[in-house]
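Structure first, commentary second.
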Amino acid sequence: VQLQASGGGLVQPGGSLRLSCAASRFLLDYYAIGWFRQAPGKEREGVSCFSSSDGSTYYADSVKGRFTISRDNRKNTVYLQMNSLKPEDTAVYYCATCYGSVSLGYWGQGTLVTVSS
């Protein structure tokens, strides 16, 4: 049972990053997997969740139209494409099992995204 996030870094406002979450086959087969983030001094929030069972997706209002979640079953990986990044997107991003904006308990380690000029 494993989730491993990668792809964070420093990017200028307006730029793009793609985060990757390598997941075990077990989690991919039985759970929706998504992304959460925690900014300094703030509570953790659900960013996006993708359910392969019905193809449904969840996006936080703050990222709708800018972020896209996807999944590559051949690579056992879930992606978060982040475009038009803003300084307020700066946070540690985690991949986790999810149901909408709620985590279902399996977490990967975080990857830091910093949006700054």
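FYI, nothing fancy with the structure tokens labels: chains A, B, ... in order, residues from 1 per chain, ligands from 1 as they appear.
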Residues of region 17-38 of chain A that approach region 43-64 of chain A to 12 Å or less, counting only C-alpha atoms: could you list each one with the shortest pair of atoms and its distance in Å to one decimal, rows by chain and increasing residue number, as CSV?
residue,atom,partner,partner_atom,distance
A:Leu27,CA,A:Ser52,CA,11.3
A:Leu28,CA,A:Ser52,CA,8.3
A:Asp29,CA,A:Ser52,CA,8.5
A:Tyr30,CA,A:Ser53,CA,8.8
A:Tyr31,CA,A:Ser51,CA,7.4
A:Ala32,CA,A:Ser51,CA,4.4
A:Ile33,CA,A:Phe50,CA,5.8
A:Gly34,CA,A:Cys49,CA,3.9
A:Trp35,CA,A:Ser48,CA,5.2
A:Phe36,CA,A:Gly46,CA,4.4
A:Arg37,CA,A:Arg44,CA,5.5
A:Gln38,CA,A:Arg44,CA,4.3
Counting only C-alpha atoms, what is within 10 Å of Pro13 (chain A), bar same-chain residues fewer than 4 positions away, as a PyMOL selection string?
-> chain A and resi 83-89+114-117
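Of the residues under consideration (A:Met82, A:Gln12, A:Ser24, A:Gly7), A:Ser24 shows the shortest atom-to-atom contact distance to Ala96 (chain A) when counting only C-alpha atoms.
The nearest approach to Tyr106 (chain A) among the residues A:Gln4, A:Thr77, A:Leu10, A:Arg71, with only C-alpha atoms taken into account, belongs to A:Gln4.
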Coordinates-based distance that separates CA of Gly41 (chain A) from CA of Arg18 (chain A) (Å, one decimal) =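 Going from CA of Arg18 (chain A) over to CA of Gly41 (chain A) covers 24.2 Å.
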Nearest to Ala39 (chain A): which of A:Gln81, A:Asn76, A:Thr90, A:Ser16 is it, counting only C-alpha atoms?
->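 Among A:Gln81, A:Asn76, A:Thr90, A:Ser16, it is A:Thr90 that comes nearest to Ala39 (chain A).
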Name the residues of region 4-36 of chain A that come out as helix (DSSP H, G or I) in a backbone DSSP run; write them as a ChimeraX atom specification.
-> /A:25-30
For the selection you just gave me, I'd like the residues written to a file as an mmCIF file, in the first residue's frame, keeping all heavy atoms.
data_model
loop_
_atom_site.group_PDB
_atom_site.id
_atom_site.type_symbol
_atom_site.label_atom_id
_atom_site.label_comp_id
_atom_site.auth_asym_id
_atom_site.auth_seq_id
_atom_site.Cartn_x
_atom_site.Cartn_y
_atom_site.Cartn_z
ATOM 1 N N ARG A 25 -1.005 -0.787 -6.963
ATOM 2 C CA ARG A 25 -2.122 -1.322 -7.729
ATOM 3 C C ARG A 25 -3.356 -1.507 -6.855
ATOM 4 O O ARG A 25 -4.489 -1.248 -7.283
ATOM 5 C CB ARG A 25 -1.714 -2.660 -8.341
ATOM 6 C CG ARG A 25 -2.655 -3.174 -9.384
ATOM 7 C CD ARG A 25 -2.588 -2.335 -10.638
ATOM 8 N NE ARG A 25 -3.859 -1.752 -10.960
ATOM 9 C CZ ARG A 25 -4.032 -0.866 -11.943
ATOM 10 N NH1 ARG A 25 -2.996 -0.460 -12.669
ATOM 11 N NH2 ARG A 25 -5.224 -0.379 -12.194
ATOM 12 N N PHE A 26 -3.126 -1.911 -5.613
ATOM 13 C CA PHE A 26 -4.238 -2.140 -4.680
ATOM 14 C C PHE A 26 -5.053 -0.858 -4.502
ATOM 15 O O PHE A 26 -6.288 -0.859 -4.589
ATOM 16 C CB PHE A 26 -3.705 -2.612 -3.334
ATOM 17 C CG PHE A 26 -4.741 -2.627 -2.244
ATOM 18 C CD1 PHE A 26 -5.665 -3.651 -2.155
ATOM 19 C CD2 PHE A 26 -4.808 -1.603 -1.307
ATOM 20 C CE1 PHE A 26 -6.626 -3.670 -1.161
ATOM 21 C CE2 PHE A 26 -5.761 -1.609 -0.305
ATOM 22 C CZ PHE A 26 -6.682 -2.650 -0.239
ATOM 23 N N LEU A 27 -4.360 0.244 -4.245
ATOM 24 C CA LEU A 27 -5.084 1.497 -4.008
ATOM 25 C C LEU A 27 -5.796 1.962 -5.273
ATOM 26 O O LEU A 27 -6.936 2.441 -5.218
ATOM 27 C CB LEU A 27 -4.117 2.571 -3.521
ATOM 28 C CG LEU A 27 -3.549 2.357 -2.126
ATOM 29 C CD1 LEU A 27 -2.601 3.499 -1.759
ATOM 30 C CD2 LEU A 27 -4.646 2.233 -1.092
ATOM 31 N N LEU A 28 -5.143 1.825 -6.399
ATOM 32 C CA LEU A 28 -5.767 2.248 -7.644
ATOM 33 C C LEU A 28 -7.021 1.428 -7.952
ATOM 34 O O LEU A 28 -7.985 1.941 -8.511
ATOM 35 C CB LEU A 28 -4.779 2.139 -8.801
ATOM 36 C CG LEU A 28 -3.710 3.215 -8.848
ATOM 37 C CD1 LEU A 28 -2.634 2.847 -9.853
ATOM 38 C CD2 LEU A 28 -4.305 4.568 -9.192
ATOM 39 N N ASP A 29 -6.994 0.165 -7.601
ATOM 40 C CA ASP A 29 -8.125 -0.708 -7.925
ATOM 41 C C ASP A 29 -9.329 -0.449 -7.021
ATOM 42 O O ASP A 29 -10.475 -0.641 -7.448
ATOM 43 C CB ASP A 29 -7.706 -2.175 -7.796
ATOM 44 C CG ASP A 29 -6.858 -2.638 -8.958
ATOM 45 O OD1 ASP A 29 -6.805 -1.923 -9.987
ATOM 46 O OD2 ASP A 29 -6.236 -3.713 -8.839
ATOM 47 N N TYR A 30 -9.082 -0.011 -5.784
ATOM 48 C CA TYR A 30 -10.167 0.052 -4.818
ATOM 49 C C TYR A 30 -10.515 1.454 -4.326
ATOM 50 O O TYR A 30 -11.525 1.623 -3.631
ATOM 51 C CB TYR A 30 -9.844 -0.852 -3.622
ATOM 52 C CG TYR A 30 -9.873 -2.316 -3.973
ATOM 53 C CD1 TYR A 30 -8.698 -3.028 -4.206
ATOM 54 C CD2 TYR A 30 -11.085 -2.984 -4.117
ATOM 55 C CE1 TYR A 30 -8.721 -4.365 -4.549
ATOM 56 C CE2 TYR A 30 -11.120 -4.329 -4.453
ATOM 57 C CZ TYR A 30 -9.944 -5.011 -4.665
ATOM 58 O OH TYR A 30 -9.979 -6.347 -5.012
#
So, counting only C-alpha atoms, which residue among A:Leu19, A:Leu112, A:Cys95, A:Leu3 is closest to Thr68 (chain A)?
->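 Closest to Thr68 (chain A), using only C-alpha atoms: A:Leu19.
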As a PyMOL selection string, please: all residues of chain A that backbone DSSP puts in strand (DSSP E).
-> chain A and resi 3-6+9-11+17-23+32-38+45-50+57-59+67-72+77-82+91-99+102-107+111-115
File of the preceding selection, C-alpha atoms, as a compact mmCIF listing (two decimals), in the first residue's frame:
# COMPACT_ATOMS: atom_id res chain seq x y z
CA LEU A 3 1.47 6.57 -2.49
CA GLN A 4 4.45 8.66 -3.54
CA ALA A 5 4.12 12.25 -4.72
CA SER A 6 6.69 14.14 -6.77
CA GLY A 9 9.26 23.01 -7.17
CA LEU A 10 9.58 26.75 -7.55
CA VAL A 11 7.56 28.40 -10.31
CA LEU A 17 3.73 22.39 -12.87
CA ARG A 18 2.66 18.77 -13.09
CA LEU A 19 2.59 16.70 -9.94
CA SER A 20 2.77 12.92 -10.08
CA CYS A 21 1.51 10.37 -7.58
CA ALA A 22 2.80 6.83 -8.01
CA ALA A 23 0.27 4.50 -6.43
CA ALA A 32 -10.31 7.15 -5.72
CA ILE A 33 -7.02 9.04 -5.46
CA GLY A 34 -6.60 12.77 -5.34
CA TRP A 35 -4.65 15.71 -4.09
CA PHE A 36 -4.68 17.76 -0.91
CA ARG A 37 -2.58 20.72 0.10
CA GLN A 38 -1.54 22.55 3.21
CA GLU A 45 -7.73 21.27 2.07
CA GLY A 46 -8.91 18.96 -0.64
CA VAL A 47 -7.78 20.13 -4.08
CA SER A 48 -8.97 17.44 -6.46
CA CYS A 49 -10.17 13.86 -6.49
CA PHE A 50 -10.59 11.41 -9.36
CA THR A 57 -13.88 14.43 -10.54
CA TYR A 58 -13.88 16.94 -7.71
CA TYR A 59 -12.11 20.29 -7.79
CA PHE A 67 -5.94 22.41 -12.38
CA THR A 68 -6.65 19.09 -14.08
CA ILE A 69 -6.45 15.66 -12.51
CA SER A 70 -5.80 12.58 -14.60
CA ARG A 71 -4.71 8.99 -14.27
CA ASP A 72 -2.46 6.69 -16.30
CA THR A 77 0.16 7.16 -11.62
CA VAL A 78 -2.26 9.99 -10.90
CA TYR A 79 -1.31 13.45 -12.13
CA LEU A 80 -2.26 16.98 -11.20
CA GLN A 81 -1.60 19.46 -13.98
CA MET A 82 -1.47 22.93 -12.48
CA ALA A 91 1.66 24.72 -0.24
CA VAL A 92 2.82 21.21 0.45
CA TYR A 93 0.79 18.97 -1.85
CA TYR A 94 -0.11 15.43 -0.84
CA CYS A 95 -1.71 12.63 -2.77
CA ALA A 96 -4.16 10.48 -0.85
CA THR A 97 -7.18 8.28 -1.20
CA CYS A 98 -10.24 10.47 -1.36
CA TYR A 99 -13.96 10.96 -1.63
CA VAL A 102 -12.29 14.24 2.13
CA SER A 103 -9.35 11.94 2.64
CA LEU A 104 -10.00 8.25 3.15
CA GLY A 105 -6.88 7.66 5.13
CA TYR A 106 -4.01 6.55 2.90
CA TRP A 107 -1.45 9.32 2.44
CA THR A 111 5.85 17.68 -2.30
CA LEU A 112 6.41 21.41 -1.93
CA VAL A 113 5.07 23.82 -4.52
CA THR A 114 6.25 27.41 -4.25
CA VAL A 115 4.78 30.08 -6.51
